[in-house]
Amino acid sequence: MSDKQSAILQGTLDLMVLKTLEQLGPLHGYGIAQRIEQVGQKALTVNQGTIYLCLVRLVQKGWIEAQWGRSDNNRKAKFYSLTKTGRRALVAEAENWQRITGVMDRVLLQKAEA
């Protein structure tokens, strides 16, 4: 990881995966990771092991579902898609993220008292 790249904060990867699937529809794990890195302008690195652990967790929660299919290069791959429960979770997780970032902004921007 270079100086200009950051590790993804715990809990944020789920939200990024859900949003990616909402925007692009069914994708395989590698495609999801590539898209997150692309949108993040390579400022974030998505470890392949981490993305697959995230996908397993999201399937177990019922937020996404997996189906076997063929990738662009005709390889067998699991494609993940958002469920109705996942769409509701995306709304709730996005609202929670907005609250958290609002708090972080206030904490980081506060002036020291004299």
# chains A, B, ... in the order shown; residues from 1 in each chain; ligands from 1
$ residues_around --residues "Asp72 (chain A)" --least-positions-apart "2" --cutoff "12 Å" --atoms "only C-alpha atoms" --output "list in words"
Leu27, His28, Tyr30, Gly31, Gly69, Arg70, Asn74, Arg75, Lys76, Ala77 and Phe79 of chain A
$ write_last_selection --atoms "C-alpha atoms" --output "mmCIF file, in the first residue's frame"
data_model
loop_
_atom_site.group_PDB
_atom_site.id
_atom_site.type_symbol
_atom_site.label_atom_id
_atom_site.label_comp_id
_atom_site.auth_asym_id
_atom_site.auth_seq_id
_atom_site.Cartn_x
_atom_site.Cartn_y
_atom_site.Cartn_z
ATOM 1 C CA LEU A 27 -21.182 -8.454 -10.494
ATOM 2 C CA HIS A 28 -18.545 -10.992 -9.489
ATOM 3 C CA TYR A 30 -13.305 -9.131 -8.597
ATOM 4 C CA GLY A 31 -15.541 -6.729 -10.548
ATOM 5 C CA GLY A 69 -22.496 -17.503 -14.213
ATOM 6 C CA ARG A 70 -19.826 -16.753 -16.830
ATOM 7 C CA ASN A 74 -15.889 -16.979 -20.203
ATOM 8 C CA ARG A 75 -14.737 -18.210 -16.792
ATOM 9 C CA LYS A 76 -17.142 -19.625 -14.242
ATOM 10 C CA ALA A 77 -17.749 -16.993 -11.550
ATOM 11 C CA PHE A 79 -22.248 -13.149 -9.450
#
$ residues_around --residues "Asp14 (chain A)" --least-positions-apart "2" --cutoff "9 Å" --atoms "only C-alpha atoms" --output "PyMOL selection string"
chain A and resi 10-12+16-19+51+54-55+57-58+90+93
$ write_last_selection --atoms "C-alpha atoms" --output "PDB file, in the first residue's frame"
ATOM      1  CA  GLN A  10     -14.112  -1.815   9.037  1.00  0.00           C
ATOM      2  CA  GLY A  11     -17.824  -1.701   8.297  1.00  0.00           C
ATOM      3  CA  THR A  12     -17.535   0.598   5.294  1.00  0.00           C
ATOM      4  CA  MET A  16     -19.607   0.192  -0.638  1.00  0.00           C
ATOM      5  CA  VAL A  17     -20.465  -3.301  -1.917  1.00  0.00           C
ATOM      6  CA  LEU A  18     -24.200  -2.724  -1.474  1.00  0.00           C
ATOM      7  CA  LYS A  19     -24.031   0.635  -3.262  1.00  0.00           C
ATOM      8  CA  ILE A  51     -13.895  -8.643  -0.423  1.00  0.00           C
ATOM      9  CA  CYS A  54     -17.505  -9.393   3.010  1.00  0.00           C
ATOM     10  CA  LEU A  55     -19.535 -11.097   0.272  1.00  0.00           C
ATOM     11  CA  ARG A  57     -21.124 -12.079   5.341  1.00  0.00           C
ATOM     12  CA  LEU A  58     -23.613 -10.159   3.176  1.00  0.00           C
ATOM     13  CA  LEU A  90     -28.407   0.023   2.087  1.00  0.00           C
ATOM     14  CA  GLU A  93     -26.453   1.870   6.443  1.00  0.00           C
TER      15      GLU A  93
END
$ select_by_dssp --residues "chain A" --states "helix (DSSP H, G or I)" --output "ChimeraX atom specification"
/A:12-24,29-39,48-61,84-109
$ select_by_dssp --residues "chain A" --states "strand (DSSP E)" --output "ChimeraX atom specification"
/A:6-7,27-28,44-45,64-70,76-82
$ residues_around --residues "Trp97 (chain A)" --least-positions-apart "2" --cutoff "12 Å" --atoms "only C-alpha atoms" --output "VMD selection string"
chain A and resid 9 11 to 16 89 to 95 99 to 104
$ atom_distance --atom1 "CA of Asp105 (chain A)" --atom2 "CA of Thr45 (chain A)"
23.4 Å
$ residues_around --residues "Ala33 (chain A)" --least-positions-apart "4" --cutoff "7 Å" --atoms "only C-alpha atoms" --output "PyMOL selection string"
chain A and resi 29+37+46+51
$ residues_around --residues "Gly86 (chain A)" --least-positions-apart "3" --cutoff "7 Å" --atoms "only C-alpha atoms" --output "ChimeraX atom specification"
/A:62-64,82-83,89-90
$ atom_distance --atom1 "CA of Ala66 (chain A)" --atom2 "CA of Pro26 (chain A)"
8.8 Å
$ decode --residues "region 50-85 of chain A" --atoms "N, CA and C atoms" --output "PDB file, in the first residue's frame"
ATOM      1  N   THR A  50     -10.423  -9.931   1.643  1.00  0.00           N
ATOM      2  CA  THR A  50     -11.376  -9.118   2.398  1.00  0.00           C
ATOM      3  C   THR A  50     -12.697  -8.998   1.658  1.00  0.00           C
ATOM      4  N   ILE A  51     -12.647  -8.803   0.338  1.00  0.00           N
ATOM      5  CA  ILE A  51     -13.895  -8.643  -0.423  1.00  0.00           C
ATOM      6  C   ILE A  51     -14.712  -9.925  -0.363  1.00  0.00           C
ATOM      7  N   TYR A  52     -14.055 -11.081  -0.442  1.00  0.00           N
ATOM      8  CA  TYR A  52     -14.807 -12.330  -0.425  1.00  0.00           C
ATOM      9  C   TYR A  52     -15.376 -12.632   0.958  1.00  0.00           C
ATOM     10  N   LEU A  53     -14.665 -12.275   2.015  1.00  0.00           N
ATOM     11  CA  LEU A  53     -15.228 -12.418   3.365  1.00  0.00           C
ATOM     12  C   LEU A  53     -16.462 -11.524   3.516  1.00  0.00           C
ATOM     13  N   CYS A  54     -16.379 -10.327   2.981  1.00  0.00           N
ATOM     14  CA  CYS A  54     -17.505  -9.393   3.010  1.00  0.00           C
ATOM     15  C   CYS A  54     -18.694  -9.981   2.257  1.00  0.00           C
ATOM     16  N   LEU A  55     -18.453 -10.531   1.076  1.00  0.00           N
ATOM     17  CA  LEU A  55     -19.535 -11.097   0.272  1.00  0.00           C
ATOM     18  C   LEU A  55     -20.212 -12.263   0.990  1.00  0.00           C
ATOM     19  N   VAL A  56     -19.425 -13.115   1.625  1.00  0.00           N
ATOM     20  CA  VAL A  56     -19.992 -14.236   2.398  1.00  0.00           C
ATOM     21  C   VAL A  56     -20.866 -13.689   3.524  1.00  0.00           C
ATOM     22  N   ARG A  57     -20.375 -12.683   4.233  1.00  0.00           N
ATOM     23  CA  ARG A  57     -21.124 -12.079   5.341  1.00  0.00           C
ATOM     24  C   ARG A  57     -22.448 -11.484   4.843  1.00  0.00           C
ATOM     25  N   LEU A  58     -22.405 -10.783   3.711  1.00  0.00           N
ATOM     26  CA  LEU A  58     -23.613 -10.159   3.176  1.00  0.00           C
ATOM     27  C   LEU A  58     -24.628 -11.201   2.682  1.00  0.00           C
ATOM     28  N   VAL A  59     -24.141 -12.306   2.134  1.00  0.00           N
ATOM     29  CA  VAL A  59     -25.035 -13.409   1.737  1.00  0.00           C
ATOM     30  C   VAL A  59     -25.694 -13.997   2.984  1.00  0.00           C
ATOM     31  N   GLN A  60     -24.903 -14.219   4.034  1.00  0.00           N
ATOM     32  CA  GLN A  60     -25.443 -14.776   5.278  1.00  0.00           C
ATOM     33  C   GLN A  60     -26.504 -13.862   5.893  1.00  0.00           C
ATOM     34  N   LYS A  61     -26.336 -12.558   5.759  1.00  0.00           N
ATOM     35  CA  LYS A  61     -27.323 -11.600   6.276  1.00  0.00           C
ATOM     36  C   LYS A  61     -28.570 -11.541   5.393  1.00  0.00           C
ATOM     37  N   GLY A  62     -28.484 -12.081   4.195  1.00  0.00           N
ATOM     38  CA  GLY A  62     -29.597 -12.017   3.262  1.00  0.00           C
ATOM     39  C   GLY A  62     -29.671 -10.707   2.495  1.00  0.00           C
ATOM     40  N   TRP A  63     -28.612  -9.919   2.550  1.00  0.00           N
ATOM     41  CA  TRP A  63     -28.589  -8.623   1.875  1.00  0.00           C
ATOM     42  C   TRP A  63     -28.226  -8.746   0.402  1.00  0.00           C
ATOM     43  N   ILE A  64     -27.494  -9.806   0.056  1.00  0.00           N
ATOM     44  CA  ILE A  64     -27.165 -10.090  -1.345  1.00  0.00           C
ATOM     45  C   ILE A  64     -27.382 -11.580  -1.570  1.00  0.00           C
ATOM     46  N   GLU A  65     -27.477 -11.949  -2.842  1.00  0.00           N
ATOM     47  CA  GLU A  65     -27.560 -13.365  -3.190  1.00  0.00           C
ATOM     48  C   GLU A  65     -26.527 -13.664  -4.265  1.00  0.00           C
ATOM     49  N   ALA A  66     -26.143 -14.929  -4.354  1.00  0.00           N
ATOM     50  CA  ALA A  66     -25.096 -15.334  -5.290  1.00  0.00           C
ATOM     51  C   ALA A  66     -25.644 -16.357  -6.280  1.00  0.00           C
ATOM     52  N   GLN A  67     -25.194 -16.228  -7.521  1.00  0.00           N
ATOM     53  CA  GLN A  67     -25.544 -17.176  -8.569  1.00  0.00           C
ATOM     54  C   GLN A  67     -24.337 -17.404  -9.457  1.00  0.00           C
ATOM     55  N   TRP A  68     -24.137 -18.647  -9.852  1.00  0.00           N
ATOM     56  CA  TRP A  68     -23.037 -18.942 -10.755  1.00  0.00           C
ATOM     57  C   TRP A  68     -23.369 -18.467 -12.162  1.00  0.00           C
ATOM     58  N   GLY A  69     -22.346 -17.953 -12.835  1.00  0.00           N
ATOM     59  CA  GLY A  69     -22.496 -17.503 -14.213  1.00  0.00           C
ATOM     60  C   GLY A  69     -21.144 -17.493 -14.897  1.00  0.00           C
ATOM     61  N   ARG A  70     -21.069 -16.848 -16.049  1.00  0.00           N
ATOM     62  CA  ARG A  70     -19.826 -16.753 -16.830  1.00  0.00           C
ATOM     63  C   ARG A  70     -19.362 -15.300 -16.868  1.00  0.00           C
ATOM     64  N   SER A  71     -18.071 -15.101 -16.601  1.00  0.00           N
ATOM     65  CA  SER A  71     -17.492 -13.761 -16.646  1.00  0.00           C
ATOM     66  C   SER A  71     -17.243 -13.350 -18.095  1.00  0.00           C
ATOM     67  N   ASP A  72     -16.772 -12.124 -18.291  1.00  0.00           N
ATOM     68  CA  ASP A  72     -16.490 -11.619 -19.638  1.00  0.00           C
ATOM     69  C   ASP A  72     -15.485 -12.490 -20.385  1.00  0.00           C
ATOM     70  N   ASN A  73     -14.563 -13.094 -19.636  1.00  0.00           N
ATOM     71  CA  ASN A  73     -13.556 -13.945 -20.297  1.00  0.00           C
ATOM     72  C   ASN A  73     -13.973 -15.419 -20.275  1.00  0.00           C
ATOM     73  N   ASN A  74     -15.272 -15.659 -20.128  1.00  0.00           N
ATOM     74  CA  ASN A  74     -15.889 -16.979 -20.203  1.00  0.00           C
ATOM     75  C   ASN A  74     -15.450 -17.927 -19.084  1.00  0.00           C
ATOM     76  N   ARG A  75     -15.063 -17.374 -17.953  1.00  0.00           N
ATOM     77  CA  ARG A  75     -14.737 -18.210 -16.792  1.00  0.00           C
ATOM     78  C   ARG A  75     -15.953 -18.307 -15.883  1.00  0.00           C
ATOM     79  N   LYS A  76     -16.066 -19.444 -15.209  1.00  0.00           N
ATOM     80  CA  LYS A  76     -17.142 -19.625 -14.242  1.00  0.00           C
ATOM     81  C   LYS A  76     -16.887 -18.698 -13.056  1.00  0.00           C
ATOM     82  N   ALA A  77     -17.905 -17.939 -12.656  1.00  0.00           N
ATOM     83  CA  ALA A  77     -17.749 -16.993 -11.550  1.00  0.00           C
ATOM     84  C   ALA A  77     -19.075 -16.854 -10.817  1.00  0.00           C
ATOM     85  N   LYS A  78     -18.979 -16.508  -9.538  1.00  0.00           N
ATOM     86  CA  LYS A  78     -20.178 -16.223  -8.754  1.00  0.00           C
ATOM     87  C   LYS A  78     -20.525 -14.760  -8.931  1.00  0.00           C
ATOM     88  N   PHE A  79     -21.768 -14.506  -9.287  1.00  0.00           N
ATOM     89  CA  PHE A  79     -22.248 -13.149  -9.450  1.00  0.00           C
ATOM     90  C   PHE A  79     -23.169 -12.819  -8.279  1.00  0.00           C
ATOM     91  N   TYR A  80     -22.976 -11.652  -7.716  1.00  0.00           N
ATOM     92  CA  TYR A  80     -23.715 -11.224  -6.538  1.00  0.00           C
ATOM     93  C   TYR A  80     -24.697 -10.134  -6.932  1.00  0.00           C
ATOM     94  N   SER A  81     -25.881 -10.185  -6.340  1.00  0.00           N
ATOM     95  CA  SER A  81     -26.884  -9.149  -6.604  1.00  0.00           C
ATOM     96  C   SER A  81     -27.586  -8.783  -5.303  1.00  0.00           C
ATOM     97  N   LEU A  82     -28.121  -7.587  -5.286  1.00  0.00           N
ATOM     98  CA  LEU A  82     -28.796  -7.029  -4.125  1.00  0.00           C
ATOM     99  C   LEU A  82     -30.183  -7.653  -3.973  1.00  0.00           C
ATOM    100  N   THR A  83     -30.569  -7.985  -2.746  1.00  0.00           N
ATOM    101  CA  THR A  83     -31.919  -8.467  -2.459  1.00  0.00           C
ATOM    102  C   THR A  83     -32.784  -7.293  -1.993  1.00  0.00           C
ATOM    103  N   LYS A  84     -34.077  -7.536  -1.830  1.00  0.00           N
ATOM    104  CA  LYS A  84     -34.958  -6.488  -1.298  1.00  0.00           C
ATOM    105  C   LYS A  84     -34.512  -6.089   0.107  1.00  0.00           C
ATOM    106  N   THR A  85     -34.152  -7.081   0.909  1.00  0.00           N
ATOM    107  CA  THR A  85     -33.644  -6.805   2.257  1.00  0.00           C
ATOM    108  C   THR A  85     -32.368  -5.981   2.175  1.00  0.00           C
TER     109      THR A  85
END
